[in-house]
file model-v6.txt (compact mmCIF, C-alpha atoms)
# COMPACT_ATOMS: atom_id res chain seq x y z
CA MET P 1 96.57 86.40 107.67
CA THR P 2 98.36 83.36 106.24
CA SER P 3 102.10 83.35 105.63
CA LEU P 4 103.84 82.45 102.38
CA THR P 5 104.06 78.74 101.58
CA ALA P 6 107.09 77.23 99.88
CA ARG P 7 105.04 77.07 96.72
CA ASP P 8 104.12 80.76 96.95
CA LYS P 9 107.79 81.66 97.24
CA THR P 10 108.83 79.49 94.29
CA THR P 11 106.02 80.94 92.18
CA VAL P 12 106.92 84.54 93.05
CA LYS P 13 110.63 83.98 92.39
CA ALA P 14 109.99 82.25 89.07
CA PHE P 15 107.62 84.96 87.85
CA TRP P 16 109.97 87.66 89.05
CA ASN P 17 112.90 86.09 87.21
CA LYS P 18 110.90 86.29 84.03
CA ILE P 19 109.84 89.92 84.41
CA SER P 20 112.57 91.55 86.46
CA GLY P 21 114.07 93.28 83.43
CA HIS P 22 110.82 95.21 83.15
CA GLY P 23 110.83 96.15 86.83
CA PRO P 24 111.45 99.89 86.33
CA MET P 25 108.70 100.12 83.69
CA ILE P 26 106.27 98.25 85.90
CA GLY P 27 107.08 100.61 88.74
CA GLN P 28 106.59 103.72 86.64
CA ASP P 29 103.27 102.56 85.28
CA ALA P 30 102.05 101.39 88.69
CA LEU P 31 102.86 104.72 90.36
CA THR P 32 101.24 106.67 87.52
CA ARG P 33 98.12 104.56 87.81
CA MET P 34 98.00 104.88 91.57
CA LEU P 35 98.10 108.68 91.42
CA ALA P 36 95.51 108.81 88.64
CA VAL P 37 93.07 106.23 89.97
CA TYR P 38 93.46 107.00 93.69
CA PRO P 39 94.02 110.76 93.80
CA GLN P 40 94.14 110.76 97.58
CA THR P 41 97.60 109.19 97.31
CA LYS P 42 98.85 112.49 95.92
CA THR P 43 98.68 113.83 99.48
CA TYR P 44 102.01 112.13 100.17
CA PHE P 45 103.80 113.94 97.39
CA ALA P 46 103.05 117.58 98.12
CA HIS P 47 106.81 118.18 98.04
CA TRP P 48 106.98 117.37 94.32
CA LYS P 49 106.80 120.36 91.96
CA ASP P 50 104.65 118.31 89.64
CA GLN P 51 102.21 115.91 91.28
CA SER P 52 100.55 114.84 88.08
CA PRO P 53 100.47 111.09 87.45
CA THR P 54 102.84 111.28 84.48
CA SER P 55 105.43 113.61 86.00
CA GLU P 56 109.12 112.77 86.04
CA SER P 57 109.00 112.63 89.84
CA ALA P 58 106.22 110.06 89.69
CA LYS P 59 108.06 107.87 87.21
CA LYS P 60 111.29 108.09 89.17
CA HIS P 61 109.53 107.22 92.37
CA GLY P 62 107.85 104.26 90.70
CA MET P 63 111.28 102.91 89.81
CA THR P 64 112.52 103.43 93.37
CA VAL P 65 109.56 101.54 94.79
CA MET P 66 109.97 98.69 92.34
CA GLY P 67 113.63 98.47 93.30
CA GLY P 68 112.40 97.87 96.82
CA VAL P 69 110.06 95.12 95.61
CA ALA P 70 112.91 93.48 93.69
CA ASP P 71 115.04 93.55 96.81
CA ALA P 72 112.18 92.07 98.82
CA VAL P 73 112.00 89.11 96.43
CA THR P 74 115.58 88.25 97.36
CA LYS P 75 114.65 88.47 101.03
CA ILE P 76 111.42 86.54 100.68
CA ASP P 77 112.43 84.11 103.42
CA ASP P 78 112.72 86.86 106.02
CA LEU P 79 110.86 89.97 104.99
CA SER P 80 110.72 91.54 108.48
CA GLY P 81 114.43 91.14 109.04
CA GLY P 82 115.41 92.03 105.52
CA LEU P 83 113.25 95.13 105.30
CA LEU P 84 113.99 96.53 108.75
CA GLY P 85 115.50 99.76 107.44
CA LEU P 86 112.61 100.41 105.06
CA SER P 87 110.16 99.57 107.80
CA GLU P 88 111.67 102.17 110.08
CA LEU P 89 111.69 104.71 107.27
CA HIS P 90 108.00 104.20 106.56
CA ALA P 91 107.09 104.17 110.24
CA PHE P 92 108.99 107.14 111.57
CA THR P 93 109.77 109.39 108.65
CA LEU P 94 107.26 108.79 105.87
CA ARG P 95 104.31 107.69 108.06
CA VAL P 96 102.35 106.46 105.06
CA ASP P 97 98.97 105.12 106.11
CA PRO P 98 99.26 101.34 105.67
CA SER P 99 96.03 101.23 103.65
CA ASN P 100 98.03 102.73 100.80
CA PHE P 101 100.28 99.67 100.53
CA LYS P 102 97.28 97.66 99.43
CA ILE P 103 96.38 100.32 96.88
CA LEU P 104 99.87 100.30 95.38
CA ALA P 105 100.03 96.50 95.40
CA HIS P 106 96.80 96.40 93.41
CA ASN P 107 98.20 98.80 90.84
CA ILE P 108 101.42 96.80 90.55
CA MET P 109 99.37 93.71 89.81
CA VAL P 110 97.19 95.51 87.27
CA VAL P 111 100.35 96.45 85.39
CA MET P 112 101.68 92.90 85.64
CA ALA P 113 98.41 91.61 84.23
CA ILE P 114 98.55 94.08 81.34
CA MET P 115 102.19 93.39 80.51
CA PHE P 116 102.21 89.62 81.10
CA PRO P 117 98.66 88.40 80.43
CA VAL P 118 99.72 84.83 79.76
CA ASP P 119 102.12 84.44 82.68
CA PHE P 120 100.04 86.30 85.22
CA THR P 121 97.80 83.28 85.78
CA PRO P 122 95.47 83.03 88.78
CA GLU P 123 98.10 80.92 90.55
CA VAL P 124 100.75 83.57 89.99
CA HIS P 125 98.22 86.25 90.95
CA VAL P 126 97.48 84.70 94.33
CA ALA P 127 101.15 84.15 95.11
CA MET P 128 101.99 87.73 94.13
CA ASP P 129 99.03 89.11 96.09
CA LYS P 130 100.17 87.20 99.17
CA PHE P 131 103.77 88.30 98.68
CA LEU P 132 102.88 91.97 98.31
CA ALA P 133 100.63 91.71 101.37
CA ALA P 134 103.47 90.14 103.35
CA LEU P 135 105.77 92.91 102.11
CA ALA P 136 103.25 95.50 103.27
CA ARG P 137 103.04 93.84 106.69
CA ALA P 138 106.82 93.92 107.01
CA LEU P 139 106.84 97.61 106.09
CA ALA P 140 104.14 98.40 108.63
CA GLU P 141 105.76 96.40 111.41
CA LYS P 142 107.40 99.31 113.17
CA TYR P 143 104.32 101.52 112.96
CA ARG P 144 103.07 100.82 116.44
CA MET D 1 73.92 109.63 98.50
CA VAL D 2 73.26 108.15 101.90
CA ARG D 3 69.58 108.04 102.79
CA LEU D 4 68.88 108.08 106.49
CA THR D 5 65.49 106.80 107.63
CA ASP D 6 63.38 108.71 110.12
CA VAL D 7 64.21 106.15 112.79
CA GLU D 8 67.92 106.51 112.09
CA ARG D 9 67.73 110.30 112.21
CA SER D 10 65.98 110.13 115.53
CA LEU D 11 68.57 107.73 116.95
CA ILE D 12 71.41 109.93 115.69
CA ARG D 13 69.94 113.08 117.21
CA ASP D 14 69.27 111.32 120.50
CA VAL D 15 72.77 109.93 120.82
CA TRP D 16 74.35 113.21 119.78
CA ASP D 17 72.29 115.04 122.42
CA LYS D 18 74.04 112.95 125.02
CA VAL D 19 77.52 113.96 123.83
CA ASN D 20 79.29 116.77 125.62
CA THR D 21 81.58 118.07 122.87
CA ASP D 22 83.84 119.80 125.39
CA GLU D 23 84.41 116.45 127.10
CA VAL D 24 84.61 114.16 124.10
CA GLY D 25 86.34 116.61 121.75
CA PRO D 26 89.77 116.50 123.42
CA GLU D 27 89.68 112.72 123.35
CA ILE D 28 89.25 112.13 119.66
CA ILE D 29 92.47 113.60 118.31
CA SER D 30 94.52 112.24 121.18
CA ARG D 31 93.08 108.81 120.45
CA ILE D 32 93.92 108.92 116.77
CA LEU D 33 97.47 110.05 117.54
CA ILE D 34 97.99 107.32 120.11
CA VAL D 35 96.23 104.47 118.31
CA TYR D 36 97.39 105.35 114.79
CA PRO D 37 100.69 107.15 115.39
CA TRP D 38 101.40 107.71 111.72
CA THR D 39 98.63 110.32 111.71
CA GLU D 40 100.99 112.63 113.56
CA ARG D 41 102.26 113.55 110.11
CA HIS D 42 99.22 115.81 109.81
CA PHE D 43 99.98 117.78 112.95
CA GLY D 44 103.48 119.10 112.36
CA THR D 45 102.55 122.49 113.80
CA PHE D 46 101.04 121.17 117.02
CA GLY D 47 104.24 120.98 119.01
CA ASP D 48 105.02 117.93 121.11
CA ILE D 49 102.79 115.02 120.07
CA PHE D 50 105.37 112.30 120.36
CA THR D 51 104.60 110.64 123.66
CA ILE D 52 101.28 109.66 125.18
CA THR D 53 101.75 112.13 128.03
CA ALA D 54 102.55 114.98 125.68
CA ILE D 55 99.57 114.15 123.47
CA LEU D 56 97.17 114.08 126.42
CA GLN D 57 98.43 117.44 127.70
CA ASN D 58 98.58 119.19 124.35
CA SER D 59 96.03 122.00 124.16
CA ARG D 60 96.14 122.21 120.36
CA VAL D 61 95.24 118.54 120.22
CA SER D 62 92.26 119.03 122.51
CA ASN D 63 91.13 122.15 120.69
CA HIS D 64 91.22 120.51 117.31
CA GLY D 65 89.04 117.72 118.63
CA LYS D 66 86.47 120.27 119.72
CA VAL D 67 86.59 121.97 116.32
CA VAL D 68 85.92 118.65 114.60
CA LEU D 69 82.94 117.90 116.87
CA GLN D 70 81.55 121.37 116.26
CA ALA D 71 81.54 120.59 112.54
CA LEU D 72 79.82 117.30 113.30
CA ASP D 73 77.23 119.17 115.33
CA ARG D 74 76.39 121.27 112.28
CA ALA D 75 76.14 118.07 110.25
CA VAL D 76 73.70 116.51 112.71
CA LYS D 77 71.55 119.63 112.36
CA ASN D 78 71.76 119.46 108.55
CA MET D 79 71.61 115.79 107.74
CA ASP D 80 70.22 116.37 104.25
CA ASN D 81 72.98 118.68 103.23
CA ILE D 82 76.15 116.94 104.28
CA LYS D 83 77.90 116.76 100.92
CA LEU D 84 77.49 120.50 100.36
CA MET D 85 78.33 121.36 103.94
CA PHE D 86 81.73 119.68 103.81
CA GLN D 87 82.75 120.77 100.33
CA GLY D 88 85.01 123.57 101.55
CA LEU D 89 86.52 121.49 104.33
CA SER D 90 87.18 118.62 101.95
CA ARG D 91 88.92 120.89 99.49
CA MET D 92 90.99 122.47 102.24
CA HIS D 93 92.06 119.13 103.71
CA PHE D 94 93.14 117.97 100.26
CA GLU D 95 94.67 121.05 98.68
CA LYS D 96 96.17 122.82 101.68
CA LEU D 97 96.63 120.20 104.37
CA ASN D 98 97.40 117.13 102.21
CA VAL D 99 95.52 114.84 104.55
CA ASP D 100 95.20 111.20 103.48
CA PRO D 101 91.43 110.61 103.59
CA GLU D 102 92.04 107.23 105.19
CA SER D 103 92.65 109.37 108.29
CA PHE D 104 89.01 110.49 108.20
CA ARG D 105 87.95 106.86 108.43
CA LEU D 106 90.32 106.28 111.33
CA LEU D 107 89.09 109.43 113.09
CA ALA D 108 85.47 108.39 112.60
CA ASP D 109 86.17 105.14 114.40
CA CYS D 110 87.98 106.98 117.20
CA ILE D 111 84.96 109.29 117.59
CA THR D 112 82.61 106.34 117.90
CA ILE D 113 84.85 104.71 120.49
CA ALA D 114 85.26 107.93 122.50
CA MET D 115 81.49 108.28 122.50
CA ALA D 116 81.07 104.65 123.50
CA CYS D 117 83.30 105.19 126.53
CA LYS D 118 81.01 107.93 127.76
CA LEU D 119 77.63 106.58 126.65
CA ARG D 120 78.26 102.89 127.34
CA SER D 121 75.04 100.88 126.98
CA ALA D 122 73.29 103.86 125.41
CA MET D 123 75.47 103.12 122.40
CA ASN D 124 73.61 99.88 121.69
CA PRO D 125 73.97 98.08 118.32
CA GLU D 126 71.02 99.86 116.75
CA VAL D 127 72.30 103.26 117.83
CA GLN D 128 75.84 102.38 116.74
CA ALA D 129 74.62 101.32 113.30
CA ALA D 130 72.70 104.57 112.73
CA TRP D 131 75.51 106.69 114.16
CA GLN D 132 78.17 105.05 112.01
CA LYS D 133 76.02 105.32 108.88
CA PHE D 134 75.80 109.06 109.50
CA LEU D 135 79.48 109.38 110.37
CA TYR D 136 80.60 107.51 107.26
CA SER D 137 78.44 109.81 105.14
CA VAL D 138 80.48 112.68 106.60
CA VAL D 139 83.70 110.77 105.82
CA ASP D 140 82.38 110.28 102.29
CA ALA D 141 81.64 114.00 101.92
CA MET D 142 85.17 114.78 103.14
CA ASN D 143 86.50 112.54 100.34
CA LYS D 144 84.54 114.24 97.58
CA GLN D 145 86.91 117.08 96.69
CA TYR D 146 89.97 114.87 96.28
CA HIS D 147 90.86 114.80 92.62

call {"tool": "encode", "arguments": {"input": "model-v6.txt", "output": "structure tokens"}}
result
Amino acid sequence: MTSLTARDKTTVKAFWNKISGHGPMIGQDALTRMLAVYPQTKTYFAHWKDQSPTSESAKKHGMTVMGGVADAVTKIDDLSGGLLGLSELHAFTLRVDPSNFKILAHNIMVVMAIMFPVDFTPEVHVAMDKFLAALARALAEKYR
Amino acid sequence: MVRLTDVERSLIRDVWDKVNTDEVGPEIISRILIVYPWTERHFGTFGDIFTITAILQNSRVSNHGKVVLQALDRAVKNMDNIKLMFQGLSRMHFEKLNVDPESFRLLADCITIAMACKLRSAMNPEVQAAWQKFLYSVVDAMNKQYH
């Protein structure tokens, strides 16, 4: 798995600067989509009263997750170090199967494509895909 | 639906005949817990599953492995009816147990490896291919009631 080039990082940061105001909305939509399109992901949210894709819990969680992504952009030069706390949380408390990070990343990018069709060029797409994959790796680092 | 050829069915039955479910059963859940430790989230009621020693000595872990292989045994004997056979189990694992179906894929691979340890060269590539095709059809059936 390749690491992020300087160009990847610049591309991600530039795109993020443009869209960061919409972060919460992107998060909400991405989480909703994930639950609707990949119903197996609902198994992680049995503690919600309402597990439907459009529930308040789902939207709120989408915003939380996107907040994490925003934070990760600022730590793009050292994702493992910067995301240590979140990594431990996911490894020891949440124990989310790492395959789900890829699922959520895909849904985030679908929403980005829908909301920013002109800016989400193939070059931005590849940089974002690599960034989200690197983020997922950092989150899964403490798993085993 | 997965279509198994006559040759594949024969290979699957032959390899399964060689498996002692009392021996292999205990191994499969302990393997998944050790190799993919996040799967311990599914076994909150099993007591101590937090160190390798504890996992290997845990009787609930070994029993669950045997239960899983018993279900597989029924599947081997009913290869044309797998989707229907696992409907109830799929629903239960989704609605009651909240199991991420990715875990079924991981468990399938652990089963194959546990079998490989015992069967060694009997698990040749042709046998492995047929066996995994069958096992993934079971994984697929276990996914079906997730909605």

call {"tool": "closest_atom_pairs", "arguments": {"input": "model-v6.txt", "of": "chain P", "to": "chain D", "cutoff": "10 Å", "atoms": "all atoms listed in the file", "output": "JSON lines"}}
result
{"residue": "P:Leu35", "atom": "CA", "partner": "D:His147", "partner_atom": "CA", "distance": 9.6}
{"residue": "P:Ala36", "atom": "CA", "partner": "D:His147", "partner_atom": "CA", "distance": 8.6}
{"residue": "P:Val37", "atom": "CA", "partner": "D:His147", "partner_atom": "CA", "distance": 9.2}
{"residue": "P:Tyr38", "atom": "CA", "partner": "D:His147", "partner_atom": "CA", "distance": 8.3}
{"residue": "P:Pro39", "atom": "CA", "partner": "D:His147", "partner_atom": "CA", "distance": 5.3}
{"residue": "P:Gln40", "atom": "CA", "partner": "D:Tyr146", "partner_atom": "CA", "distance": 6.0}
{"residue": "P:Thr41", "atom": "CA", "partner": "D:Asp100", "partner_atom": "CA", "distance": 6.9}
{"residue": "P:Lys42", "atom": "CA", "partner": "D:Asn98", "partner_atom": "CA", "distance": 7.9}
{"residue": "P:Thr43", "atom": "CA", "partner": "D:Asn98", "partner_atom": "CA", "distance": 4.5}
{"residue": "P:Tyr44", "atom": "CA", "partner": "D:Asn98", "partner_atom": "CA", "distance": 7.1}
{"residue": "P:Phe45", "atom": "CA", "partner": "D:Asn98", "partner_atom": "CA", "distance": 8.6}
{"residue": "P:Ala46", "atom": "CA", "partner": "D:Asn98", "partner_atom": "CA", "distance": 7.0}
{"residue": "P:His90", "atom": "CA", "partner": "D:Trp38", "partner_atom": "CA", "distance": 9.1}
{"residue": "P:Ala91", "atom": "CA", "partner": "D:Trp38", "partner_atom": "CA", "distance": 6.9}
{"residue": "P:Phe92", "atom": "CA", "partner": "D:Trp38", "partner_atom": "CA", "distance": 7.6}
{"residue": "P:Thr93", "atom": "CA", "partner": "D:Arg41", "partner_atom": "CA", "distance": 8.7}
{"residue": "P:Leu94", "atom": "CA", "partner": "D:Arg41", "partner_atom": "CA", "distance": 8.1}
{"residue": "P:Arg95", "atom": "CA", "partner": "D:Trp38", "partner_atom": "CA", "distance": 4.7}
{"residue": "P:Val96", "atom": "CA", "partner": "D:Trp38", "partner_atom": "CA", "distance": 6.8}
{"residue": "P:Asp97", "atom": "CA", "partner": "D:Trp38", "partner_atom": "CA", "distance": 6.6}
{"residue": "P:Pro98", "atom": "CA", "partner": "D:Trp38", "partner_atom": "CA", "distance": 9.0}
{"residue": "P:Ser99", "atom": "CA", "partner": "D:Glu102", "partner_atom": "CA", "distance": 7.4}
{"residue": "P:Asn100", "atom": "CA", "partner": "D:Glu102", "partner_atom": "CA", "distance": 8.7}
{"residue": "P:Tyr143", "atom": "CA", "partner": "D:Trp38", "partner_atom": "CA", "distance": 7.0}
{"residue": "P:Arg144", "atom": "CA", "partner": "D:Pro37", "partner_atom": "CA", "distance": 6.8}

call {"tool": "closest_residue", "arguments": {"input": "model-v6.txt", "among": "D:Leu119, D:Leu135, D:Met142, D:Leu4", "to": "Lys18 (chain D)", "atoms": "only C-alpha atoms"}}
result
D:Leu119

call {"tool": "atom_distance", "arguments": {"input": "model-v6.txt", "atom1": "CA of Leu56 (chain D)", "atom2": "CA of Ser30 (chain D)"}}
result
6.2 Å

call {"tool": "residues_around", "arguments": {"input": "model-v6.txt", "residues": "Leu135 (chain P)", "least_positions_apart": "6", "cutoff": "12 Å", "atoms": "all atoms listed in the file", "output": "VMD selection string"}}
result
chain P and resid 3 to 4 65 68 to 84 86 to 87 98 101 to 102 104 to 105 128 to 129 141

call {"tool": "residues_near_point", "arguments": {"input": "model-v6.txt", "point": "(98.2, 118.4, 124.0)", "cutoff": "12 Å", "atoms": "all atoms listed in the file", "output": "MDAnalysis selection string"}}
result
chainID D and resid 26:31 33:34 43 45:65

call {"tool": "atom_distance", "arguments": {"input": "model-v6.txt", "atom1": "CA of Ser57 (chain P)", "atom2": "CA of Ala134 (chain P)"}}
result
26.8 Å

call {"tool": "atom_distance", "arguments": {"input": "model-v6.txt", "atom1": "CA of Asn81 (chain D)", "atom2": "CA of Arg120 (chain D)"}}
result
29.3 Å

call {"tool": "closest_residue", "arguments": {"input": "model-v6.txt", "among": "D:Ala108, D:Ala116, D:Met79, D:Ala129", "to": "Val2 (chain D)", "atoms": "only C-alpha atoms"}}
result
D:Met79

call {"tool": "residues_around", "arguments": {"input": "model-v6.txt", "residues": "Asn107 (chain P)", "least_positions_apart": "2", "cutoff": "8 Å", "atoms": "only C-alpha atoms", "output": "short mmCIF file (atom, residue, chain, number, x, y, z; two decimals) with C-alpha atoms, in the coordinates of the input"}}
result
data_model
loop_
_atom_site.label_atom_id
_atom_site.label_comp_id
_atom_site.auth_asym_id
_atom_site.auth_seq_id
_atom_site.Cartn_x
_atom_site.Cartn_y
_atom_site.Cartn_z
CA ALA P 30 102.05 101.39 88.69
CA LEU P 31 102.86 104.72 90.36
CA ARG P 33 98.12 104.56 87.81
CA MET P 34 98.00 104.88 91.57
CA ILE P 103 96.38 100.32 96.88
CA LEU P 104 99.87 100.30 95.38
CA ALA P 105 100.03 96.50 95.40
CA MET P 109 99.37 93.71 89.81
CA VAL P 110 97.19 95.51 87.27
CA VAL P 111 100.35 96.45 85.39
#

call {"tool": "residues_around", "arguments": {"input": "model-v6.txt", "residues": "Met115 (chain D)", "least_positions_apart": "2", "cutoff": "12 Å", "atoms": "only C-alpha atoms", "output": "ChimeraX atom specification"}}
result
/D:15-21,23-28,31,69,108-113,117-124,127-128,131-132

call {"tool": "residues_around", "arguments": {"input": "model-v6.txt", "residues": "Gly67 (chain P)", "least_positions_apart": "3", "cutoff": "12 Å", "atoms": "only C-alpha atoms", "output": "list in words"}}
result
Ser20, Gly21, His22, Gly23, Pro24, Met25, Ile26, Gly27, Gln28, Lys60, His61, Gly62, Met63, Thr64, Ala70, Asp71, Ala72, Val73, Thr74 and Leu86 of chain P

call {"tool": "axis_aligned_box", "arguments": {"input": "model-v6.txt", "around": "region 119-137 of chain D", "padding_each_side": "6 Å", "output": "lines of an AutoDock Vina configuration file"}}
result
center_x = 75.8
center_y = 103.9
center_z = 116.2
size_x = 21.6
size_y = 23.7
size_z = 34.2

call {"tool": "residues_around", "arguments": {"input": "model-v6.txt", "residues": "Asp140 (chain D)", "least_positions_apart": "4", "cutoff": "9 Å", "atoms": "all atoms listed in the file", "output": "number ranges by chain"}}
result
D: 83, 104-105, 135-136, 144

call {"tool": "write_last_selection", "arguments": {"input": "model-v6.txt", "atoms": "C-alpha atoms", "output": "short mmCIF file (atom, residue, chain, number, x, y, z; two decimals), in the coordinates of the input"}}
result
data_model
loop_
_atom_site.label_atom_id
_atom_site.label_comp_id
_atom_site.auth_asym_id
_atom_site.auth_seq_id
_atom_site.Cartn_x
_atom_site.Cartn_y
_atom_site.Cartn_z
CA LYS D 83 77.90 116.76 100.92
CA PHE D 104 89.01 110.49 108.20
CA ARG D 105 87.95 106.86 108.43
CA LEU D 135 79.48 109.38 110.37
CA TYR D 136 80.60 107.51 107.26
CA LYS D 144 84.54 114.24 97.58
#

call {"tool": "decode", "arguments": {"input": "model-v6.txt", "residues": "region 19-39 of chain P", "atoms": "N, CA, C and O atoms", "output": "PDB file, in the first residue's frame"}}
result
ATOM      1  N   ILE P  19     -14.402  22.601   0.745  1.00  0.00           N
ATOM      2  CA  ILE P  19     -15.672  21.969   1.135  1.00  0.00           C
ATOM      3  C   ILE P  19     -15.908  21.859   2.631  1.00  0.00           C
ATOM      4  O   ILE P  19     -16.972  21.411   3.057  1.00  0.00           O
ATOM      5  N   SER P  20     -14.932  22.296   3.423  1.00  0.00           N
ATOM      6  CA  SER P  20     -15.008  21.988   4.859  1.00  0.00           C
ATOM      7  C   SER P  20     -16.266  22.544   5.534  1.00  0.00           C
ATOM      8  O   SER P  20     -16.759  21.964   6.493  1.00  0.00           O
ATOM      9  N   GLY P  21     -16.787  23.657   5.005  1.00  0.00           N
ATOM     10  CA  GLY P  21     -18.016  24.195   5.571  1.00  0.00           C
ATOM     11  C   GLY P  21     -19.167  23.202   5.490  1.00  0.00           C
ATOM     12  O   GLY P  21     -20.093  23.224   6.304  1.00  0.00           O
ATOM     13  N   HIS P  22     -19.084  22.337   4.490  1.00  0.00           N
ATOM     14  CA  HIS P  22     -20.167  21.362   4.286  1.00  0.00           C
ATOM     15  C   HIS P  22     -19.892  20.043   4.994  1.00  0.00           C
ATOM     16  O   HIS P  22     -20.641  19.077   4.826  1.00  0.00           O
ATOM     17  N   GLY P  23     -18.817  20.014   5.770  1.00  0.00           N
ATOM     18  CA  GLY P  23     -18.405  18.774   6.433  1.00  0.00           C
ATOM     19  C   GLY P  23     -19.545  18.054   7.137  1.00  0.00           C
ATOM     20  O   GLY P  23     -19.784  16.866   6.876  1.00  0.00           O
ATOM     21  N   PRO P  24     -20.254  18.744   8.042  1.00  0.00           N
ATOM     22  CA  PRO P  24     -21.337  18.064   8.772  1.00  0.00           C
ATOM     23  C   PRO P  24     -22.387  17.444   7.850  1.00  0.00           C
ATOM     24  O   PRO P  24     -22.814  16.318   8.073  1.00  0.00           O
ATOM     25  N   MET P  25     -22.749  18.183   6.787  1.00  0.00           N
ATOM     26  CA  MET P  25     -23.751  17.660   5.846  1.00  0.00           C
ATOM     27  C   MET P  25     -23.235  16.422   5.130  1.00  0.00           C
ATOM     28  O   MET P  25     -23.959  15.460   4.906  1.00  0.00           O
ATOM     29  N   ILE P  26     -21.959  16.501   4.736  1.00  0.00           N
ATOM     30  CA  ILE P  26     -21.353  15.362   4.043  1.00  0.00           C
ATOM     31  C   ILE P  26     -21.391  14.149   4.959  1.00  0.00           C
ATOM     32  O   ILE P  26     -21.763  13.053   4.548  1.00  0.00           O
ATOM     33  N   GLY P  27     -21.054  14.380   6.212  1.00  0.00           N
ATOM     34  CA  GLY P  27     -21.033  13.291   7.187  1.00  0.00           C
ATOM     35  C   GLY P  27     -22.404  12.667   7.367  1.00  0.00           C
ATOM     36  O   GLY P  27     -22.561  11.443   7.359  1.00  0.00           O
ATOM     37  N   GLN P  28     -23.405  13.512   7.510  1.00  0.00           N
ATOM     38  CA  GLN P  28     -24.776  13.019   7.704  1.00  0.00           C
ATOM     39  C   GLN P  28     -25.204  12.155   6.537  1.00  0.00           C
ATOM     40  O   GLN P  28     -25.709  11.047   6.705  1.00  0.00           O
ATOM     41  N   ASP P  29     -25.000  12.690   5.344  1.00  0.00           N
ATOM     42  CA  ASP P  29     -25.427  11.983   4.136  1.00  0.00           C
ATOM     43  C   ASP P  29     -24.656  10.668   3.983  1.00  0.00           C
ATOM     44  O   ASP P  29     -25.227   9.631   3.636  1.00  0.00           O
ATOM     45  N   ALA P  30     -23.356  10.723   4.266  1.00  0.00           N
ATOM     46  CA  ALA P  30     -22.523   9.519   4.106  1.00  0.00           C
ATOM     47  C   ALA P  30     -22.964   8.412   5.058  1.00  0.00           C
ATOM     48  O   ALA P  30     -23.044   7.243   4.665  1.00  0.00           O
ATOM     49  N   LEU P  31     -23.244   8.779   6.299  1.00  0.00           N
ATOM     50  CA  LEU P  31     -23.677   7.783   7.292  1.00  0.00           C
ATOM     51  C   LEU P  31     -25.032   7.192   6.901  1.00  0.00           C
ATOM     52  O   LEU P  31     -25.241   5.980   6.943  1.00  0.00           O
ATOM     53  N   THR P  32     -25.946   8.071   6.475  1.00  0.00           N
ATOM     54  CA  THR P  32     -27.273   7.625   6.037  1.00  0.00           C
ATOM     55  C   THR P  32     -27.139   6.625   4.899  1.00  0.00           C
ATOM     56  O   THR P  32     -27.759   5.560   4.897  1.00  0.00           O
ATOM     57  N   ARG P  33     -26.304   6.989   3.931  1.00  0.00           N
ATOM     58  CA  ARG P  33     -26.107   6.102   2.787  1.00  0.00           C
ATOM     59  C   ARG P  33     -25.514   4.768   3.212  1.00  0.00           C
ATOM     60  O   ARG P  33     -25.916   3.709   2.747  1.00  0.00           O
ATOM     61  N   MET P  34     -24.525   4.825   4.083  1.00  0.00           N
ATOM     62  CA  MET P  34     -23.858   3.604   4.522  1.00  0.00           C
ATOM     63  C   MET P  34     -24.877   2.643   5.151  1.00  0.00           C
ATOM     64  O   MET P  34     -24.907   1.463   4.829  1.00  0.00           O
ATOM     65  N   LEU P  35     -25.717   3.156   6.021  1.00  0.00           N
ATOM     66  CA  LEU P  35     -26.699   2.304   6.695  1.00  0.00           C
ATOM     67  C   LEU P  35     -27.732   1.759   5.728  1.00  0.00           C
ATOM     68  O   LEU P  35     -28.206   0.628   5.878  1.00  0.00           O
ATOM     69  N   ALA P  36     -28.075   2.568   4.710  1.00  0.00           N
ATOM     70  CA  ALA P  36     -29.100   2.144   3.749  1.00  0.00           C
ATOM     71  C   ALA P  36     -28.544   1.157   2.726  1.00  0.00           C
ATOM     72  O   ALA P  36     -29.180   0.167   2.384  1.00  0.00           O
ATOM     73  N   VAL P  37     -27.337   1.444   2.238  1.00  0.00           N
ATOM     74  CA  VAL P  37     -26.781   0.634   1.154  1.00  0.00           C
ATOM     75  C   VAL P  37     -26.070  -0.611   1.676  1.00  0.00           C
ATOM     76  O   VAL P  37     -26.002  -1.633   1.002  1.00  0.00           O
ATOM     77  N   TYR P  38     -25.524  -0.527   2.887  1.00  0.00           N
ATOM     78  CA  TYR P  38     -24.789  -1.653   3.488  1.00  0.00           C
ATOM     79  C   TYR P  38     -25.423  -1.979   4.833  1.00  0.00           C
ATOM     80  O   TYR P  38     -24.865  -1.665   5.885  1.00  0.00           O
ATOM     81  N   PRO P  39     -26.594  -2.606   4.819  1.00  0.00           N
ATOM     82  CA  PRO P  39     -27.342  -2.778   6.068  1.00  0.00           C
ATOM     83  C   PRO P  39     -26.587  -3.526   7.160  1.00  0.00           C
ATOM     84  O   PRO P  39     -26.901  -3.380   8.334  1.00  0.00           O
TER      85      PRO P  39
END
